[in-house]
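J.: Here it is, the structure, as structure tokens.
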Amino acid sequence: MKKKRKNIRNNKGITMVALVVTIIILLILAGITLASLTGEKGIIKEARTAKELAEKAALEEQVELAIIKAEQKHRNPGIDDVIEEIKNNKVISNADQVNKETGAIRTDAGYEITGKLDDYIGKVSVGDGNTTEGGDTPAPPTKPSTVEQAKNQGSVLDENNPTTIKGKYENEVKIPAGFKVANDSGEDVTKGVVIEDVSAGNETTKGSQFVWIPVGEVKYENGSKTITLNRYTFSSTGTPTGQGANTIGSSYQELATSSYGNTTAIDIEAFKTNANTNNGYYLGRYEAGDSTATTDRTSDSSKTIPMVCKEDQYVYNNITQPQATTLARGMYSNKKVTSDLVNSYAWDTAIVFIQEFSGDTDYSYQGRLQDSLTRTGKAIDSAANKDVKCNIYDMAGNCFEYSTETYSGSSQSCAYRGGSFNITYDTSGCTSNRGSIGLSGAGSIISFRPILYW
């Protein structure tokens, strides 16, 4: 009997231990459950966060619907029009819950919504739903991606950096900082994309225009053609033959430096590299113009007046090649873009471009169209006498034009290109013509033209 009682006492002890262990386990499970419900990532907090996100998303959707309503009601809604619709959608009670400078919305529910009104910041409603830029922080215009969009925008693309856009056939054009696409620009590089100085230089050069000369593959409606940057000679039918750095006509060379006194290019190799890398460069749309002249220039005219490249200016003639080079380089000395006197690569490649895309396959042998001096881009008697191809004027006539090429082994070291109003059409008075003159030579029949590159 004693042995049996002992076994009973042992069984009772085991039961108490099991009870204690069970209680401990329950307490642990209760703690875990409580933590999962109320902890940092607990179910209750997660549920509350999900509810808040859903509420905010619903309010953001109401803001978007308000924008759609405003755009349906108004031809060009402003910030006030959109705010009114946001109020109607019960997102806010008062207009001052929208910050018109940042576009941030403080909702009645206490949420902040941002990024929905960026397109309307700075625009206030006027009249019949048109808008005008208002306030101290107007929204910047969306950067255009095509030539046509840039023409329609009608303003500088970027004050500080070049902008790349595309023409009708996807050909890229690089627009310098401080320039816009001119109103009468071609829709594609094949038609002559024209840019206009807005603020890259100074008040004097404002309005000067340049035409993009493409280098490399150029797409057009029937496929593509390749424009190779080079110095060329041309046959009587316009067929170009690349000459590279060869001497042309026994004496014409594009030298890095010259011992003959004429001014050579700033850096001809840098120009070639840049034009090939950027698939193009800019050529002055017009011959150089005197920015202040009110009559034709004479031999007594100032040689230091700043030049422009605008239509209807008095031609900047009666100047020497070194003086012309100084003026061309002085147009844009702010380093956002480089300006220089036209070199032989730039002149000859422009002729090839014109022949490929203007329909004039022998423009290299185009002679004068006028028989007296005219202002830049003007014809002496009618529009039919204008020399204009792909938006570039007077390469064949009006004035001979200095280049940075060198006529070596002679006292006439300064090379010029093109034709002149007083030269009857022949091989010495056409677009591809090369001629030479001395360092002090100047006269009414010789002007110059700038180029732009980076």
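Within each chain, counting starts at residue 1; across the structure tokens, chains are named A, B, ... in the order shown, with ligands numbered 1 upward in that order.
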Considering only C-alpha atoms, return as a VMD selection string whatever protein or nucleic-acid residues lie within 6 Å of stretch 261-278 of chain A, sequence-local ones (same chain, fewer than 3 positions apart) excluded.

T.: chain A and resid 257 281 322 404 414

J.: With N, CA and C atoms retained, write the just-selected residues as a PDB file, in the first residue's frame.

T.:
ATOM      1  N   THR A 257      48.115  76.884 -89.643  1.00  0.00           N
ATOM      2  CA  THR A 257      48.710  78.209 -89.489  1.00  0.00           C
ATOM      3  C   THR A 257      49.287  78.616 -90.836  1.00  0.00           C
ATOM      4  N   TYR A 281      26.869  71.479 -88.694  1.00  0.00           N
ATOM      5  CA  TYR A 281      27.380  72.774 -88.231  1.00  0.00           C
ATOM      6  C   TYR A 281      26.456  73.839 -88.803  1.00  0.00           C
ATOM      7  N   PRO A 322      41.754  89.593 -92.614  1.00  0.00           N
ATOM      8  CA  PRO A 322      41.991  89.520 -91.166  1.00  0.00           C
ATOM      9  C   PRO A 322      40.945  90.292 -90.361  1.00  0.00           C
ATOM     10  N   THR A 404      38.906  81.053 -94.652  1.00  0.00           N
ATOM     11  CA  THR A 404      40.164  80.871 -93.923  1.00  0.00           C
ATOM     12  C   THR A 404      41.185  80.075 -94.738  1.00  0.00           C
ATOM     13  N   CYS A 414      45.102  85.738 -99.291  1.00  0.00           N
ATOM     14  CA  CYS A 414      43.745  85.628 -98.745  1.00  0.00           C
ATOM     15  C   CYS A 414      42.796  85.046 -99.789  1.00  0.00           C
TER      16      CYS A 414
END

J.: Got a sec to tell me which of stretch 338-439 of chain A DSSP assigns to helix (DSSP H, G or I), as a list of chain:residue names?

T.: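 Those residues are A:Ser344, A:Tyr345, A:Ala346, A:Trp347, A:Asp348, A:Thr349, A:Ala350, A:Ile351, A:Val352, A:Phe353, A:Ile354, A:Gln355, A:Glu356, A:Phe357, A:Tyr363, A:Ser364, A:Tyr365, A:Ala383, A:Ala384, A:Asn385.
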
J.: Save out the residues we just selected, N, CA and C atoms, as a short mmCIF file (atom, residue, chain, number, x, y, z; two decimals), in the first residue's frame.

T.:
data_model
loop_
_atom_site.label_atom_id
_atom_site.label_comp_id
_atom_site.auth_asym_id
_atom_site.auth_seq_id
_atom_site.Cartn_x
_atom_site.Cartn_y
_atom_site.Cartn_z
N SER A 344 37.03 76.29 -95.85
CA SER A 344 36.75 75.62 -97.13
C SER A 344 35.95 74.35 -96.95
N TYR A 345 36.11 73.65 -95.83
CA TYR A 345 35.29 72.46 -95.57
C TYR A 345 33.82 72.85 -95.43
N ALA A 346 33.57 73.93 -94.68
CA ALA A 346 32.20 74.37 -94.45
C ALA A 346 31.55 74.86 -95.74
N TRP A 347 32.30 75.62 -96.56
CA TRP A 347 31.74 76.17 -97.80
C TRP A 347 31.43 75.06 -98.80
N ASP A 348 32.39 74.17 -99.03
CA ASP A 348 32.20 73.13 -100.05
C ASP A 348 31.14 72.11 -99.64
N THR A 349 31.10 71.75 -98.37
CA THR A 349 30.10 70.79 -97.90
C THR A 349 28.70 71.38 -98.01
N ALA A 350 28.57 72.69 -97.79
CA ALA A 350 27.27 73.35 -97.96
C ALA A 350 26.81 73.26 -99.41
N ILE A 351 27.74 73.38 -100.37
CA ILE A 351 27.36 73.25 -101.79
C ILE A 351 26.84 71.84 -102.07
N VAL A 352 27.53 70.83 -101.55
CA VAL A 352 27.09 69.45 -101.75
C VAL A 352 25.69 69.25 -101.17
N PHE A 353 25.47 69.76 -99.96
CA PHE A 353 24.15 69.67 -99.32
C PHE A 353 23.08 70.32 -100.19
N ILE A 354 23.35 71.51 -100.68
CA ILE A 354 22.38 72.22 -101.52
C ILE A 354 22.07 71.42 -102.79
N GLN A 355 23.10 70.90 -103.42
CA GLN A 355 22.88 70.14 -104.66
C GLN A 355 22.07 68.87 -104.42
N GLU A 356 22.25 68.27 -103.28
CA GLU A 356 21.53 67.02 -102.98
C GLU A 356 20.06 67.26 -102.66
N PHE A 357 19.73 68.41 -102.05
CA PHE A 357 18.37 68.56 -101.52
C PHE A 357 17.60 69.77 -102.04
N TYR A 363 24.44 73.55 -108.68
CA TYR A 363 24.53 74.85 -108.02
C TYR A 363 25.98 75.30 -107.85
N SER A 364 26.90 74.36 -107.88
CA SER A 364 28.32 74.73 -107.76
C SER A 364 28.75 75.66 -108.89
N TYR A 365 28.00 75.64 -110.00
CA TYR A 365 28.32 76.51 -111.13
C TYR A 365 27.24 77.57 -111.36
N ALA A 383 11.78 89.06 -106.81
CA ALA A 383 12.05 87.87 -106.01
C ALA A 383 12.65 86.76 -106.86
N ALA A 384 12.36 86.77 -108.15
CA ALA A 384 12.90 85.74 -109.04
C ALA A 384 14.41 85.81 -109.13
N ASN A 385 14.97 86.98 -108.81
CA ASN A 385 16.42 87.15 -108.90
C ASN A 385 17.13 86.86 -107.59
#

J.: To one decimal place in Å, what is the distance between atom CA of A:Val211 and atom CA of A:Asp387?

T.: 15.0 Å

J.: What's around A:Ser199 at 9 Å? Count only C-alpha atoms, leave out sequence neighbours fewer than 3 positions away in its own chain, and write the answer as a list in words.

T.: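 Here the answer would be Val156, Glu159, Ala177, Gly178, Phe179, Asn202, Glu203, Thr205, Lys206 and Gly207 of chain A.
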
J.: Go ahead and save the residues from that selection, with C-alpha atoms, as a PDB file, in the first residue's frame.

T.:
ATOM      1  CA  VAL A 156      14.558  80.305 -76.941  1.00  0.00           C
ATOM      2  CA  GLU A 159      19.446  79.709 -72.241  1.00  0.00           C
ATOM      3  CA  ALA A 177      21.961  77.781 -76.087  1.00  0.00           C
ATOM      4  CA  GLY A 178      20.222  81.124 -76.438  1.00  0.00           C
ATOM      5  CA  PHE A 179      18.775  80.414 -79.905  1.00  0.00           C
ATOM      6  CA  ASN A 202      24.474  90.447 -77.135  1.00  0.00           C
ATOM      7  CA  GLU A 203      21.837  92.951 -78.162  1.00  0.00           C
ATOM      8  CA  THR A 205      23.709  90.131 -82.717  1.00  0.00           C
ATOM      9  CA  LYS A 206      20.140  89.430 -81.602  1.00  0.00           C
ATOM     10  CA  GLY A 207      18.126  88.293 -84.613  1.00  0.00           C
TER      11      GLY A 207
END

J.: Could you give me, as a tab-separated table (two decimals) with N, CA and C atoms, in the first residue's frame, the residues within 7 Å of A:Val181, counting only C-alpha atoms and dropping anything in the same chain fewer than 2 positions from it?

T.:
chain	number	residue	atom	x	y	z
A	150	ALA	N	9.18	73.46	-82.11
A	150	ALA	CA	10.03	74.59	-81.74
A	150	ALA	C	9.60	75.86	-82.47
A	151	LYS	N	9.20	75.72	-83.74
A	151	LYS	CA	8.71	76.88	-84.49
A	151	LYS	C	7.45	77.43	-83.84
A	154	GLY	N	8.22	79.31	-80.62
A	154	GLY	CA	8.67	80.64	-80.96
A	154	GLY	C	9.55	81.32	-79.94
A	179	PHE	N	19.34	80.29	-78.56
A	179	PHE	CA	18.77	80.41	-79.91
A	179	PHE	C	17.38	79.79	-79.95
A	183	ASN	N	10.87	81.48	-87.44
A	183	ASN	CA	9.50	81.26	-87.89
A	183	ASN	C	9.41	80.70	-89.30
A	185	SER	N	11.69	78.79	-90.76
A	185	SER	CA	12.60	77.65	-90.91
A	185	SER	C	11.94	76.54	-91.71
A	194	VAL	N	16.48	76.81	-89.90
A	194	VAL	CA	17.05	78.12	-89.59
A	194	VAL	C	16.90	78.40	-88.10
A	195	ILE	N	18.00	78.82	-87.46
A	195	ILE	CA	17.94	79.24	-86.06
A	195	ILE	C	18.18	80.74	-85.98
A	196	GLU	N	17.68	81.32	-84.91
A	196	GLU	CA	17.80	82.77	-84.72
A	196	GLU	C	18.31	83.09	-83.33

J.: Could you give me, as JSON, numbers by chain, the residues within 9 Å of stretch 443-450 of chain A, counting only C-alpha atoms and dropping anything in the same chain fewer than 5 positions from it?

T.: {"A": [210, 282, 283, 284, 285, 286, 287, 288, 289, 296, 297, 298, 299, 309, 315, 316, 317, 318, 319, 320, 321, 324, 325, 327, 328, 329, 331, 339, 340, 341, 342, 373, 398, 399, 400, 401, 402, 403, 416, 420, 421, 422]}

J.: List the neighbours of A:Thr294 out to 10 Å using only C-alpha atoms; skip same-chain residues closer than 4 positions along the sequence, and give me the result as a tab-separated table (two decimals) with N, CA and C atoms, in the first residue's frame.

T.:
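Contents of the output file out25.tsv:
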chain	number	residue	atom	x	y	z
A	290	ASP	N	26.52	95.06	-91.85
A	290	ASP	CA	26.97	96.11	-90.93
A	290	ASP	C	25.80	96.44	-90.00
A	313	GLN	N	20.25	93.98	-94.40
A	313	GLN	CA	21.32	94.81	-93.85
A	313	GLN	C	22.24	95.25	-94.99
A	314	TYR	N	22.90	96.36	-94.79
A	314	TYR	CA	23.91	96.77	-95.77
A	314	TYR	C	25.12	95.84	-95.63

J.: Point out the residue among A:Ser251, A:Ile121, A:Ala95, A:Asn171 with the least atom-to-atom distance to A:Ser224, counting only C-alpha atoms.

T.: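 For A:Ser224, the nearest of the given residues is A:Asn171.
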
J.: Need to verify the contact set: A:Gly115, 9 Å, only C-alpha atoms, exclusion of same-chain residues closer than 5 positions in sequence. Can you return it as an MDAnalysis selection string?

T.: chainID A and resid 102:104

J.: Atoms to include: N, CA and C atoms. Write the selected residues as a PDB file, in the first residue's frame.

T.:
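Output (part.pdb):
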ATOM      1  N   THR A 102       3.634  76.106 -55.685  1.00  0.00           N
ATOM      2  CA  THR A 102       4.199  74.749 -55.730  1.00  0.00           C
ATOM      3  C   THR A 102       3.214  73.712 -56.259  1.00  0.00           C
ATOM      4  N   GLY A 103       1.920  74.044 -56.234  1.00  0.00           N
ATOM      5  CA  GLY A 103       0.918  73.082 -56.674  1.00  0.00           C
ATOM      6  C   GLY A 103       0.504  72.087 -55.612  1.00  0.00           C
ATOM      7  N   ALA A 104       1.008  72.232 -54.378  1.00  0.00           N
ATOM      8  CA  ALA A 104       0.656  71.308 -53.297  1.00  0.00           C
ATOM      9  C   ALA A 104      -0.779  71.545 -52.839  1.00  0.00           C
TER      10      ALA A 104
END

J.: DSSP on the backbone, strand (DSSP E) only: what residues of stretch 243-334 of chain A does that give? Format it as a list in words.

T.: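 Residues meeting the strand (DSSP E) criterion: Tyr252, Gln253, Gly280, Tyr281, Tyr282, Leu283, Gly284, Gly289, Asp290, Met307 and Val308 of chain A.
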
J.: Using N, CA and C atoms, can you write the selected residues to a file as a PDB file, in the first residue's frame?

T.:
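What landed in part.pdb:
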ATOM      1  N   TYR A 252      45.700  76.446-103.328  1.00  0.00           N
ATOM      2  CA  TYR A 252      44.737  76.661-102.241  1.00  0.00           C
ATOM      3  C   TYR A 252      44.825  75.539-101.207  1.00  0.00           C
ATOM      4  N   GLN A 253      45.077  75.926 -99.962  1.00  0.00           N
ATOM      5  CA  GLN A 253      45.223  74.962 -98.876  1.00  0.00           C
ATOM      6  C   GLN A 253      44.472  75.457 -97.639  1.00  0.00           C
ATOM      7  N   GLY A 280      26.740  67.877 -88.004  1.00  0.00           N
ATOM      8  CA  GLY A 280      26.412  69.116 -88.671  1.00  0.00           C
ATOM      9  C   GLY A 280      27.082  70.332 -88.064  1.00  0.00           C
ATOM     10  N   TYR A 281      26.869  71.479 -88.694  1.00  0.00           N
ATOM     11  CA  TYR A 281      27.380  72.774 -88.231  1.00  0.00           C
ATOM     12  C   TYR A 281      26.456  73.839 -88.803  1.00  0.00           C
ATOM     13  N   TYR A 282      26.661  75.081 -88.427  1.00  0.00           N
ATOM     14  CA  TYR A 282      25.821  76.168 -88.915  1.00  0.00           C
ATOM     15  C   TYR A 282      26.591  77.111 -89.828  1.00  0.00           C
ATOM     16  N   LEU A 283      25.936  77.495 -90.911  1.00  0.00           N
ATOM     17  CA  LEU A 283      26.462  78.479 -91.855  1.00  0.00           C
ATOM     18  C   LEU A 283      25.569  79.708 -91.807  1.00  0.00           C
ATOM     19  N   GLY A 284      26.175  80.895 -91.829  1.00  0.00           N
ATOM     20  CA  GLY A 284      25.386  82.111 -91.836  1.00  0.00           C
ATOM     21  C   GLY A 284      24.352  82.086 -92.951  1.00  0.00           C
ATOM     22  N   GLY A 289      26.437  91.519 -92.387  1.00  0.00           N
ATOM     23  CA  GLY A 289      25.846  92.844 -92.513  1.00  0.00           C
ATOM     24  C   GLY A 289      26.438  93.804 -91.494  1.00  0.00           C
ATOM     25  N   ASP A 290      26.517  95.059 -91.851  1.00  0.00           N
ATOM     26  CA  ASP A 290      26.967  96.114 -90.933  1.00  0.00           C
ATOM     27  C   ASP A 290      25.798  96.436 -90.001  1.00  0.00           C
ATOM     28  N   MET A 307      29.319  92.984 -86.541  1.00  0.00           N
ATOM     29  CA  MET A 307      28.574  92.444 -87.678  1.00  0.00           C
ATOM     30  C   MET A 307      27.316  91.733 -87.213  1.00  0.00           C
ATOM     31  N   VAL A 308      26.375  91.561 -88.118  1.00  0.00           N
ATOM     32  CA  VAL A 308      25.177  90.763 -87.881  1.00  0.00           C
ATOM     33  C   VAL A 308      24.963  89.855 -89.085  1.00  0.00           C
TER      34      VAL A 308
END

J.: Ranking A:Tyr111, A:Tyr169, A:Tyr393, A:Tyr453 by minimum distance to A:Tyr332 and counting only C-alpha atoms, which one comes first?

T.: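 Nearest candidate to A:Tyr332 out of A:Tyr111, A:Tyr169, A:Tyr393, A:Tyr453: A:Tyr453.
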
J.: Let me make sure I understand: among A:Ser428, A:Lys191, A:Ile227, A:Gln323, which one has the smallest atom-to-atom distance to A:Ser302 if we use only C-alpha atoms?

T.: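 Closest to A:Ser302 of all the choices is A:Gln323.
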
J.: Pick from A:Ser301, A:Val20, A:Lys87, A:Lys56: nearest to A:Ala442, with only C-alpha atoms counted?

T.: A:Ser301

J.: Would you compute the distance between atom CA of A:Lys168 and atom CA of A:Ser145? Give it in Å to one decimal.

T.: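 Rounded to one decimal, the two atoms are 10.9 Å apart.
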